[in-house]
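Notes follow the structure.
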Amino acid sequence: MCDTHYKNFTPKPDSCNNQEHKKWNRRSFLQALGIVGGGTVALANTALSVSKPSPLSAALNESETDRVLIIIRLKGGNDGLNTVIPINQYDTYANARPNIRIRENQLFNLNDDYGMPNYATKFEQLWGDGKMKIVHGVGYEESALSHFTGSDIWATSDVTDQESTGWMGRYFENLYPDYLLNPPERPAAIQIGSSGNLIFNGDQNNFAFSVADPKKLYEIAQNGSLYDLNNLPDCTHGEKVGYLKGVANTTFTYAGVINDAYESTSDFGNYPDNSLSQQLSVVSRLIKGNLGTKVYFVTLGGFDTHNDQINRQEQLLTQLSETMSHFYDDLKDAGWDDKVVAMTISEFGRRVKENGSRGTDHGTAAPMMLFGTGLDGNGFIGEHPDLSNLNRNGNLYNTNDFRQVYASIMKEWLCIDGNLVDQVLLDQEYNSLDLGFNCSSLGTDEEITDFQKFSHTVTYTGSQSFIHLSNTQVGHVNIDLYSITGQKIATLKNEILLEGEHVINVKEAANTRLSEGFYAYRITKGKQQYSKPVMIL
């Protein structure tokens, strides 16, 4: 009977029933646990082992180097003109910013044309040591001036803001088509902060091991612990708590390997006392401990400087410069500095003219900074925007497309096949920029074309769940259904399928009683496997 039949019933405060009648919010519960949704969320403590990788996955892994990418999000929209000051346009710059300009005697010169504020002195050292490059005027046409839209566009690489998957998520979806039931042995990516950011979102999975703050990752790295699923209340509330803790544990499935990597190396110590340092000090130990994760995402917030910009940006850029310098000293001490490239991203730059609050409002293009010994020397990429040629809103025109930087990093640093990069960047081709590094093509054409994407989606009608298959080639197909605990429940299909569209009613095909809740199905065709979650209503 439903709860509406018990309008006058008041359960005891300490009873299980009392918990059942409380408002249930999955998202807030996960936030309370200190995590964000990620990983193979449809399964709890799966007993399934990692099976043989797909042809594409094998090709990628064979060609992978030990290179690592660190993405540093400058959250809020960093002001590029007070980060890299155009000395060759200084009069125009100073006239637009009479109160918040960086004065010429407060700069150190990167070359005759560009400088940076003296307070970011560690950047001068990184630049002098050849561990820093700057890409001028990065953005896109008709730039969004909204934090949310701008962040989504940079995460998805779709300037129309219609896409819900991230550029790195689409890459990992190609690399791990059976991720739901067959995740890699190591985290594909680790993300700290920026919950809700779409960068690692695939069609069905978030491919990052995600934590809301660095303290949680630090705890996991220290003890590798998971949530206890024993002694839960034997009632609906207990089931819900158990499910959500199971989801959390699935996100934390990699806690053991993270802990092993963390404990296998020593702490470099003496990192500056700030949030970014907390994040990168843990990341450094995971890299040095050979965790094997290729992409890390860290966050430094506070860049929405509508007021008091001089003081606020000074604190942030000082933090960034000191942390990056110490981070690379740490990596160099362990012989890793030439294997790790870091790059900054921000949802937009700031307007050229200061506002009336000694700050700047939302703008467009801004520089991206790259760090690492692998850059093979310092330098500037592209042309700086013309401060005298602004759009109708008084903003800069970009001179480099952010997706071109992404393409260059993927092709020339992570060594991903160019055809796959074009596909990941929404079927657009971007030529590589000369960032100071390169690598050979990934795999062979034959290995890549052996991988055939198998389109499959789930729809719901009434209480029925349907799997829709788009088969591009005649062949034997096996489809199995699994429970949330990773147990095989039924075989839904085991036969040769012709080319074309096929629809499977999950309940009918299972031919067994299925309880309401989450399940997962796995499609096996030849050597390739694919998986997605499905709900039984």
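Chain labels run A, B, ... following the order of the structure tokens; each chain numbers its residues from 1, and ligands are numbered from 1 in the order shown.
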Sorted by chain and rising residue number, which residues of segment 92-173 of chain A lie within 12 Å of segment 404-413 of chain A, and what are their closest atom pairs and distances in Å to one decimal, counting only C-alpha atoms, as a Markdown table?
| residue | atom | partner | partner_atom | distance |
| --- | --- | --- | --- | --- |
| A:Ile134 | CA | A:Val405 | CA | 11.2 |
| A:Val135 | CA | A:Val405 | CA | 8.5 |
| A:His136 | CA | A:Val405 | CA | 10.9 |
| A:Gly137 | CA | A:Val405 | CA | 11.5 |
| A:Val138 | CA | A:Val405 | CA | 8.6 |
| A:Gly139 | CA | A:Gln404 | CA | 10.0 |
| A:Tyr140 | CA | A:Gln404 | CA | 10.3 |
| A:Trp154 | CA | A:Tyr406 | CA | 9.9 |
| A:Ala155 | CA | A:Tyr406 | CA | 10.5 |
| A:Thr156 | CA | A:Tyr406 | CA | 11.0 |
| A:Ser157 | CA | A:Tyr406 | CA | 8.9 |
| A:Gly166 | CA | A:Tyr406 | CA | 11.8 |
| A:Trp167 | CA | A:Tyr406 | CA | 8.6 |
| A:Met168 | CA | A:Met410 | CA | 9.4 |
| A:Tyr171 | CA | A:Met410 | CA | 9.6 |
Could you write out that same residue set with N, CA and C atoms as a PDB file, in the first residue's frame?
ATOM      1  N   ILE A 134      53.019  30.159 -23.328  1.00  0.00           N
ATOM      2  CA  ILE A 134      51.749  30.896 -23.250  1.00  0.00           C
ATOM      3  C   ILE A 134      51.108  30.921 -24.623  1.00  0.00           C
ATOM      4  N   VAL A 135      49.842  30.503 -24.676  1.00  0.00           N
ATOM      5  CA  VAL A 135      49.069  30.573 -25.913  1.00  0.00           C
ATOM      6  C   VAL A 135      48.218  31.837 -25.841  1.00  0.00           C
ATOM      7  N   HIS A 136      48.437  32.756 -26.764  1.00  0.00           N
ATOM      8  CA  HIS A 136      47.738  34.047 -26.762  1.00  0.00           C
ATOM      9  C   HIS A 136      46.264  33.908 -27.165  1.00  0.00           C
ATOM     10  N   GLY A 137      45.432  34.778 -26.607  1.00  0.00           N
ATOM     11  CA  GLY A 137      44.088  35.043 -27.112  1.00  0.00           C
ATOM     12  C   GLY A 137      43.216  33.829 -27.351  1.00  0.00           C
ATOM     13  N   VAL A 138      43.150  32.912 -26.380  1.00  0.00           N
ATOM     14  CA  VAL A 138      42.400  31.673 -26.576  1.00  0.00           C
ATOM     15  C   VAL A 138      40.914  31.896 -26.277  1.00  0.00           C
ATOM     16  N   GLY A 139      40.059  31.405 -27.159  1.00  0.00           N
ATOM     17  CA  GLY A 139      38.619  31.531 -26.971  1.00  0.00           C
ATOM     18  C   GLY A 139      37.892  30.946 -28.158  1.00  0.00           C
ATOM     19  N   TYR A 140      36.762  31.536 -28.505  1.00  0.00           N
ATOM     20  CA  TYR A 140      35.969  31.088 -29.646  1.00  0.00           C
ATOM     21  C   TYR A 140      35.046  32.224 -30.054  1.00  0.00           C
ATOM     22  N   TRP A 154      33.606  25.022 -22.656  1.00  0.00           N
ATOM     23  CA  TRP A 154      34.997  24.606 -22.538  1.00  0.00           C
ATOM     24  C   TRP A 154      35.108  23.121 -22.184  1.00  0.00           C
ATOM     25  N   ALA A 155      34.126  22.594 -21.462  1.00  0.00           N
ATOM     26  CA  ALA A 155      34.152  21.181 -21.076  1.00  0.00           C
ATOM     27  C   ALA A 155      33.724  20.264 -22.212  1.00  0.00           C
ATOM     28  N   THR A 156      32.759  20.708 -23.018  1.00  0.00           N
ATOM     29  CA  THR A 156      32.216  19.850 -24.073  1.00  0.00           C
ATOM     30  C   THR A 156      32.849  20.075 -25.432  1.00  0.00           C
ATOM     31  N   SER A 157      33.455  21.239 -25.639  1.00  0.00           N
ATOM     32  CA  SER A 157      34.031  21.691 -26.912  1.00  0.00           C
ATOM     33  C   SER A 157      32.951  22.023 -27.931  1.00  0.00           C
ATOM     34  N   GLY A 166      31.551  15.484 -22.395  1.00  0.00           N
ATOM     35  CA  GLY A 166      32.793  16.254 -22.405  1.00  0.00           C
ATOM     36  C   GLY A 166      33.791  15.735 -23.421  1.00  0.00           C
ATOM     37  N   TRP A 167      34.746  16.571 -23.786  1.00  0.00           N
ATOM     38  CA  TRP A 167      35.733  16.163 -24.802  1.00  0.00           C
ATOM     39  C   TRP A 167      36.594  15.006 -24.294  1.00  0.00           C
ATOM     40  N   MET A 168      36.953  14.999 -23.011  1.00  0.00           N
ATOM     41  CA  MET A 168      37.707  13.875 -22.478  1.00  0.00           C
ATOM     42  C   MET A 168      36.782  12.688 -22.239  1.00  0.00           C
ATOM     43  N   TYR A 171      36.445  10.787 -25.427  1.00  0.00           N
ATOM     44  CA  TYR A 171      37.659  10.014 -25.690  1.00  0.00           C
ATOM     45  C   TYR A 171      37.649   8.714 -24.888  1.00  0.00           C
TER      46      TYR A 171
END
Restricting the calculation to only C-alpha atoms, which member of A:Val421, A:Ile102, A:Leu110, A:Met116 is positioned closest to Phe380 of chain A?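 Checking each candidate against Phe380 of chain A, we get A:Leu110 as the closest.
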What's the 7 Å shell around segment 383-389 of chain A, counting only C-alpha atoms, without same-chain residues fewer than 3 positions away, as a list in words? Thr92, His136, Gly137, Leu396, Tyr397, Asn398 and Thr399 of chain A
Output of the above residues as a short mmCIF file (atom, residue, chain, number, x, y, z; two decimals), in the first residue's frame, restricted to C-alpha atoms:
data_model
loop_
_atom_site.label_atom_id
_atom_site.label_comp_id
_atom_site.auth_asym_id
_atom_site.auth_seq_id
_atom_site.Cartn_x
_atom_site.Cartn_y
_atom_site.Cartn_z
CA THR A 92 46.00 51.38 -24.83
CA HIS A 136 47.74 34.05 -26.76
CA GLY A 137 44.09 35.04 -27.11
CA LEU A 396 38.69 40.99 -27.47
CA TYR A 397 38.54 38.84 -30.56
CA ASN A 398 40.19 35.49 -30.01
CA THR A 399 43.27 34.65 -32.06
#
Can you tell me, as a ChimeraX atom specification, which residues in segment 160-352 of chain A count as alpha helix (DSSP H) by DSSP? /A:167-175,214-223,236-251,255-263,275-288,309-333
I want to know what sits within 7 Å of segment 282-287 of chain A, based on only C-alpha atoms, with residues of the same chain fewer than 2 positions away left out; could you give that as a PyMOL selection string? chain A and resi 218+258+261-262+265+267+278-280+289-291+331
Prev. selection, C-alpha atoms, output as a compact mmCIF listing (two decimals), in the first residue's frame:
# COMPACT_ATOMS: atom_id res chain seq x y z
CA TYR A 218 43.91 12.70 0.75
CA ILE A 258 45.28 4.90 -5.24
CA ALA A 261 50.48 4.39 -5.38
CA TYR A 262 50.37 7.05 -2.67
CA THR A 265 56.48 7.12 -2.66
CA ASP A 267 56.15 13.26 0.48
CA GLN A 278 46.83 20.47 -1.31
CA GLN A 279 45.51 19.08 -4.57
CA LEU A 280 48.80 18.91 -6.46
CA GLY A 289 53.78 6.12 -7.34
CA ASN A 290 53.04 4.98 -10.94
CA LEU A 291 49.28 5.00 -10.53
CA LEU A 331 58.50 16.06 -10.04
